[in-house]
file query32.pdb (PDB, C-alpha atoms)
ATOM      1  CA  MET A 159     125.868 137.522  49.774  1.00  0.00           C
ATOM      2  CA  LEU A 160     128.428 136.275  52.281  1.00  0.00           C
ATOM      3  CA  ARG A 161     129.216 139.002  54.808  1.00  0.00           C
ATOM      4  CA  SER A 162     132.865 138.544  53.897  1.00  0.00           C
ATOM      5  CA  VAL A 163     134.917 136.353  51.652  1.00  0.00           C
ATOM      6  CA  SER A 164     137.900 136.430  53.991  1.00  0.00           C
ATOM      7  CA  LEU A 165     138.930 133.038  55.314  1.00  0.00           C
ATOM      8  CA  ARG A 166     139.559 134.631  58.708  1.00  0.00           C
ATOM      9  CA  ASP A 167     135.805 134.976  59.248  1.00  0.00           C
ATOM     10  CA  TYR A 168     135.053 131.279  58.704  1.00  0.00           C
ATOM     11  CA  MET A 169     138.121 129.358  59.844  1.00  0.00           C
ATOM     12  CA  LEU A 170     138.170 127.173  62.921  1.00  0.00           C
ATOM     13  CA  ARG A 171     140.293 128.993  65.473  1.00  0.00           C
ATOM     14  CA  HIS A 172     142.528 126.944  67.733  1.00  0.00           C
ATOM     15  CA  PRO A 173     142.180 123.613  65.920  1.00  0.00           C
ATOM     16  CA  ALA A 174     143.137 120.418  67.715  1.00  0.00           C
ATOM     17  CA  THR A 175     146.857 119.826  67.363  1.00  0.00           C
ATOM     18  CA  VAL A 176     149.465 117.265  68.223  1.00  0.00           C
ATOM     19  CA  ARG A 177     153.254 117.358  68.442  1.00  0.00           C
ATOM     20  CA  SER A 178     155.362 115.271  66.084  1.00  0.00           C
ATOM     21  CA  ASP A 179     156.920 113.341  68.981  1.00  0.00           C
ATOM     22  CA  ALA A 180     153.501 112.133  70.215  1.00  0.00           C
ATOM     23  CA  THR A 181     152.694 108.471  69.758  1.00  0.00           C
ATOM     24  CA  ILE A 182     150.206 107.373  67.133  1.00  0.00           C
ATOM     25  CA  ARG A 183     147.969 106.129  69.941  1.00  0.00           C
ATOM     26  CA  GLU A 184     148.035 109.563  71.618  1.00  0.00           C
ATOM     27  CA  ALA A 185     147.169 111.248  68.321  1.00  0.00           C
ATOM     28  CA  MET A 186     144.356 108.770  67.709  1.00  0.00           C
ATOM     29  CA  GLN A 187     142.881 109.633  71.081  1.00  0.00           C
ATOM     30  CA  VAL A 188     142.885 113.351  70.233  1.00  0.00           C
ATOM     31  CA  ILE A 189     141.133 112.572  66.942  1.00  0.00           C
ATOM     32  CA  VAL A 190     138.528 110.392  68.660  1.00  0.00           C
ATOM     33  CA  ASP A 191     137.966 112.777  71.587  1.00  0.00           C
ATOM     34  CA  ASN A 192     137.449 115.750  69.269  1.00  0.00           C
ATOM     35  CA  LYS A 193     135.401 113.823  66.672  1.00  0.00           C
ATOM     36  CA  ILE A 194     137.573 115.069  63.822  1.00  0.00           C
ATOM     37  CA  SER A 195     139.246 113.450  60.843  1.00  0.00           C
ATOM     38  CA  GLY A 196     142.753 114.811  61.282  1.00  0.00           C
ATOM     39  CA  LEU A 197     145.164 117.027  63.152  1.00  0.00           C
ATOM     40  CA  CYS A 198     147.620 119.794  62.490  1.00  0.00           C
ATOM     41  CA  VAL A 199     151.069 118.843  63.763  1.00  0.00           C
ATOM     42  CA  VAL A 200     152.965 121.695  65.415  1.00  0.00           C
ATOM     43  CA  ASP A 201     156.327 122.213  67.062  1.00  0.00           C
ATOM     44  CA  GLU A 202     156.876 123.729  70.509  1.00  0.00           C
ATOM     45  CA  ALA A 203     156.657 127.255  69.004  1.00  0.00           C
ATOM     46  CA  GLY A 204     153.266 126.581  67.406  1.00  0.00           C
ATOM     47  CA  GLN A 205     154.616 126.403  63.882  1.00  0.00           C
ATOM     48  CA  LEU A 206     153.007 123.930  61.520  1.00  0.00           C
ATOM     49  CA  VAL A 207     155.284 120.972  60.736  1.00  0.00           C
ATOM     50  CA  GLY A 208     152.798 118.481  59.316  1.00  0.00           C
ATOM     51  CA  ILE A 209     149.292 117.120  58.997  1.00  0.00           C
ATOM     52  CA  LEU A 210     148.065 113.810  60.365  1.00  0.00           C
ATOM     53  CA  SER A 211     144.862 112.206  59.133  1.00  0.00           C
ATOM     54  CA  GLU A 212     142.814 109.453  60.673  1.00  0.00           C
ATOM     55  CA  LEU A 213     143.808 107.339  57.659  1.00  0.00           C
ATOM     56  CA  ASP A 214     147.488 107.879  58.505  1.00  0.00           C
ATOM     57  CA  CYS A 215     146.763 106.577  62.006  1.00  0.00           C
ATOM     58  CA  LEU A 216     144.803 103.608  60.708  1.00  0.00           C
ATOM     59  CA  ARG A 217     147.622 102.648  58.326  1.00  0.00           C
ATOM     60  CA  ALA A 218     150.145 102.838  61.175  1.00  0.00           C
ATOM     61  CA  ILE A 219     148.007 100.760  63.542  1.00  0.00           C
ATOM     62  CA  LEU A 220     147.211  98.088  60.960  1.00  0.00           C
ATOM     63  CA  GLY A 221     150.830  97.953  59.820  1.00  0.00           C
ATOM     64  CA  ALA A 222     151.978  97.543  63.417  1.00  0.00           C
ATOM     65  CA  ALA A 223     149.418  94.808  64.029  1.00  0.00           C
ATOM     66  CA  TYR A 224     150.601  92.964  60.939  1.00  0.00           C
ATOM     67  CA  THR A 225     154.268  93.165  61.898  1.00  0.00           C
ATOM     68  CA  GLU A 226     153.585  92.880  65.637  1.00  0.00           C
ATOM     69  CA  SER A 227     155.429  96.127  66.284  1.00  0.00           C
ATOM     70  CA  ASP A 228     154.757  99.512  67.821  1.00  0.00           C
ATOM     71  CA  PRO A 229     152.833 101.890  65.532  1.00  0.00           C
ATOM     72  CA  GLY A 230     155.433 104.580  66.156  1.00  0.00           C
ATOM     73  CA  ARG A 231     155.261 108.338  66.417  1.00  0.00           C
ATOM     74  CA  VAL A 232     153.351 111.007  64.554  1.00  0.00           C
ATOM     75  CA  ALA A 233     156.560 112.153  62.825  1.00  0.00           C
ATOM     76  CA  ASP A 234     156.842 108.709  61.210  1.00  0.00           C
ATOM     77  CA  VAL A 235     153.558 108.934  59.304  1.00  0.00           C
ATOM     78  CA  MET A 236     152.458 112.578  59.073  1.00  0.00           C
ATOM     79  CA  ALA A 237     152.407 114.448  55.786  1.00  0.00           C
ATOM     80  CA  LYS A 238     155.224 116.976  55.981  1.00  0.00           C
ATOM     81  CA  ASP A 239     156.393 117.656  52.451  1.00  0.00           C
ATOM     82  CA  ASN A 240     154.822 120.312  50.235  1.00  0.00           C
ATOM     83  CA  LEU A 241     152.210 121.303  52.800  1.00  0.00           C
ATOM     84  CA  VAL A 242     149.623 123.626  51.352  1.00  0.00           C
ATOM     85  CA  VAL A 243     148.516 126.295  53.796  1.00  0.00           C
ATOM     86  CA  ALA A 244     146.220 129.284  53.632  1.00  0.00           C
ATOM     87  CA  HIS A 245     146.606 132.841  54.858  1.00  0.00           C
ATOM     88  CA  PRO A 246     143.686 134.167  56.915  1.00  0.00           C
ATOM     89  CA  ASP A 247     142.990 136.959  54.420  1.00  0.00           C
ATOM     90  CA  GLU A 248     142.637 134.630  51.440  1.00  0.00           C
ATOM     91  CA  ASP A 249     139.318 134.446  49.635  1.00  0.00           C
ATOM     92  CA  ILE A 250     137.219 131.583  51.016  1.00  0.00           C
ATOM     93  CA  ILE A 251     135.902 130.680  47.556  1.00  0.00           C
ATOM     94  CA  ASP A 252     139.419 130.388  46.114  1.00  0.00           C
ATOM     95  CA  VAL A 253     140.525 128.200  49.027  1.00  0.00           C
ATOM     96  CA  ALA A 254     137.426 125.994  48.705  1.00  0.00           C
ATOM     97  CA  GLN A 255     137.991 125.524  44.970  1.00  0.00           C
ATOM     98  CA  ASP A 256     141.648 124.628  45.515  1.00  0.00           C
ATOM     99  CA  MET A 257     140.718 122.136  48.252  1.00  0.00           C
ATOM    100  CA  LEU A 258     138.320 120.455  45.811  1.00  0.00           C
ATOM    101  CA  ILE A 259     140.925 120.343  43.053  1.00  0.00           C
ATOM    102  CA  LYS A 260     143.522 118.843  45.403  1.00  0.00           C
ATOM    103  CA  ASN A 261     140.959 116.561  47.065  1.00  0.00           C
ATOM    104  CA  LYS A 262     141.841 117.755  50.568  1.00  0.00           C
ATOM    105  CA  ARG A 263     139.405 117.969  53.474  1.00  0.00           C
ATOM    106  CA  ARG A 264     141.330 120.513  55.531  1.00  0.00           C
ATOM    107  CA  ARG A 265     143.770 123.366  55.106  1.00  0.00           C
ATOM    108  CA  PRO A 266     145.825 124.841  57.930  1.00  0.00           C
ATOM    109  CA  VAL A 267     145.696 128.620  58.225  1.00  0.00           C
ATOM    110  CA  VAL A 268     149.095 130.132  58.985  1.00  0.00           C
ATOM    111  CA  GLU A 269     150.048 133.714  59.752  1.00  0.00           C
ATOM    112  CA  ASN A 270     153.616 134.865  60.398  1.00  0.00           C
ATOM    113  CA  GLY A 271     154.731 131.232  60.444  1.00  0.00           C
ATOM    114  CA  LYS A 272     152.304 130.180  63.197  1.00  0.00           C
ATOM    115  CA  LEU A 273     149.233 128.015  62.974  1.00  0.00           C
ATOM    116  CA  ILE A 274     146.249 130.224  63.825  1.00  0.00           C
ATOM    117  CA  GLY A 275     143.397 128.153  62.468  1.00  0.00           C
ATOM    118  CA  GLN A 276     142.139 125.616  60.012  1.00  0.00           C
ATOM    119  CA  ILE A 277     139.470 125.551  57.353  1.00  0.00           C
ATOM    120  CA  THR A 278     137.710 122.274  56.713  1.00  0.00           C
ATOM    121  CA  CYS A 279     134.878 121.131  54.528  1.00  0.00           C
ATOM    122  CA  ARG A 280     132.625 121.476  57.573  1.00  0.00           C
ATOM    123  CA  GLN A 281     133.404 125.193  57.979  1.00  0.00           C
ATOM    124  CA  LEU A 282     132.889 125.695  54.251  1.00  0.00           C
ATOM    125  CA  LEU A 283     129.494 124.000  54.404  1.00  0.00           C
ATOM    126  CA  GLU A 284     128.524 126.069  57.447  1.00  0.00           C
ATOM    127  CA  ALA A 285     129.448 129.277  55.586  1.00  0.00           C
ATOM    128  CA  VAL A 286     127.316 128.258  52.614  1.00  0.00           C
ATOM    129  CA  SER A 287     124.459 127.278  54.920  1.00  0.00           C
ATOM    130  CA  ARG A 288     124.534 130.709  56.602  1.00  0.00           C
ATOM    131  CA  PHE A 289     124.536 132.365  53.188  1.00  0.00           C
ATOM    132  CA  GLN A 290     121.511 130.374  52.039  1.00  0.00           C
ATOM    133  CA  ARG A 291     119.476 131.228  55.163  1.00  0.00           C
ATOM    134  CA  ARG A 292     119.784 134.975  54.629  1.00  0.00           C
ATOM    135  CA  PRO A 293     116.740 136.794  53.211  1.00  0.00           C
TER     136      PRO A 293
END

call {"tool": "encode", "arguments": {"input": "query32.pdb", "output": "structure tokens"}}
result
Amino acid sequence: MLRSVSLRDYMLRHPATVRSDATIREAMQVIVDNKISGLCVVDEAGQLVGILSELDCLRAILGAAYTESDPGRVADVMAKDNLVVAHPDEDIIDVAQDMLIKNKRRRPVVENGKLIGQITCRQLLEAVSRFQRRP
């Protein structure tokens, strides 16, 4: 059995983040440097204000190339409405099932209004892998 079902024990602490006033190119570099598929967008106080995926960046870059314009800022393309977040004490199985239902690869983990982590499909797979290796 899993040693715990609490999300806190499996989440990625200190996920890569970007501010909403960053350029798309700056955000793309963070994504590439960290070999990840998206970023949590935070304000100066560390509160979650959006999510930016690599697909959001690609759309912005291709759109800018087509119109011969600047791709803009993170705030222009990030998802910011109806953000679904998790609390660190939520059950990892419930969060995983909801991520599958909503077809989302990541879920920010927020406590007292601040981003404290993120759970992604990779962390979920690692948790399952650890469970399967146990005698």

call {"tool": "resolve_selection", "arguments": {"input": "query32.pdb", "expression": "the PyMOL selection byres ((chain A and resi 282) around 9)", "output": "PDB file with C-alpha atoms, in the coordinates of the input"}}
result
ATOM      1  CA  TYR A 168     135.053 131.279  58.704  1.00  0.00           C
ATOM      2  CA  MET A 169     138.121 129.358  59.844  1.00  0.00           C
ATOM      3  CA  ILE A 250     137.219 131.583  51.016  1.00  0.00           C
ATOM      4  CA  ILE A 251     135.902 130.680  47.556  1.00  0.00           C
ATOM      5  CA  ALA A 254     137.426 125.994  48.705  1.00  0.00           C
ATOM      6  CA  ILE A 277     139.470 125.551  57.353  1.00  0.00           C
ATOM      7  CA  THR A 278     137.710 122.274  56.713  1.00  0.00           C
ATOM      8  CA  CYS A 279     134.878 121.131  54.528  1.00  0.00           C
ATOM      9  CA  ARG A 280     132.625 121.476  57.573  1.00  0.00           C
ATOM     10  CA  GLN A 281     133.404 125.193  57.979  1.00  0.00           C
ATOM     11  CA  LEU A 283     129.494 124.000  54.404  1.00  0.00           C
ATOM     12  CA  GLU A 284     128.524 126.069  57.447  1.00  0.00           C
ATOM     13  CA  ALA A 285     129.448 129.277  55.586  1.00  0.00           C
ATOM     14  CA  VAL A 286     127.316 128.258  52.614  1.00  0.00           C
ATOM     15  CA  SER A 287     124.459 127.278  54.920  1.00  0.00           C
TER      16      SER A 287
END

call {"tool": "residues_around", "arguments": {"input": "query32.pdb", "residues": "segment 239-243 of chain A", "least_positions_apart": "4", "cutoff": "9 Å", "atoms": "all atoms listed in the file", "output": "PyMOL selection string"}}
result
chain A and resi 207-209+265-268+276

call {"tool": "resolve_selection", "arguments": {"input": "query32.pdb", "expression": "the PyMOL selection byres ((chain A and resi 165) around 6)", "output": "list in words"}}
result
Ser164, Arg166, Asp167, Tyr168, Met169, Pro246, Asp247, Glu248, Asp249 and Ile250 of chain A

call {"tool": "resolve_selection", "arguments": {"input": "query32.pdb", "expression": "the PyMOL selection byres ((chain A and resi 234) around 12)", "output": "list in words"}}
result
Arg177, Ser178, Asp179, Ala180, Thr181, Ile182, Val199, Gly208, Ile209, Leu210, Asp214, Cys215, Arg217, Ala218, Asp228, Pro229, Gly230, Arg231, Val232, Ala233, Val235, Met236, Ala237 and Lys238 of chain A

call {"tool": "axis_aligned_box", "arguments": {"input": "query32.pdb", "around": "segment 244-252 of chain A", "padding_each_side": "4 Å", "output": "lines of an AutoDock Vina configuration file"}}
result
center_x = 141.3
center_y = 133.1
center_z = 51.5
size_x = 18.7
size_y = 15.7
size_z = 18.8

call {"tool": "residues_around", "arguments": {"input": "query32.pdb", "residues": "segment 187-196 of chain A", "least_positions_apart": "2", "cutoff": "9 Å", "atoms": "all atoms listed in the file", "output": "list in words"}}
result
Ala174, Thr175, Val176, Ile182, Arg183, Glu184, Ala185, Cys198, Ile209, Leu210, Ser211, Glu212, Leu213, Asp214, Arg263 and Arg264 of chain A

call {"tool": "atom_distance", "arguments": {"input": "query32.pdb", "atom1": "atom CA of Ile274 of chain A", "atom2": "atom CA of Arg171 of chain A"}}
result
6.3 Å

call {"tool": "atom_distance", "arguments": {"input": "query32.pdb", "atom1": "atom CA of Glu269 of chain A", "atom2": "atom CA of Asp252 of chain A"}}
result
17.6 Å

call {"tool": "atom_distance", "arguments": {"input": "query32.pdb", "atom1": "atom CA of Asn270 of chain A", "atom2": "atom CA of Gly204 of chain A"}}
result
10.9 Å

call {"tool": "residues_around", "arguments": {"input": "query32.pdb", "residues": "Gln205 of chain A", "least_positions_apart": "3", "cutoff": "8 Å", "atoms": "all atoms listed in the file", "output": "number ranges by chain"}}
result
A: 200-202, 271-273
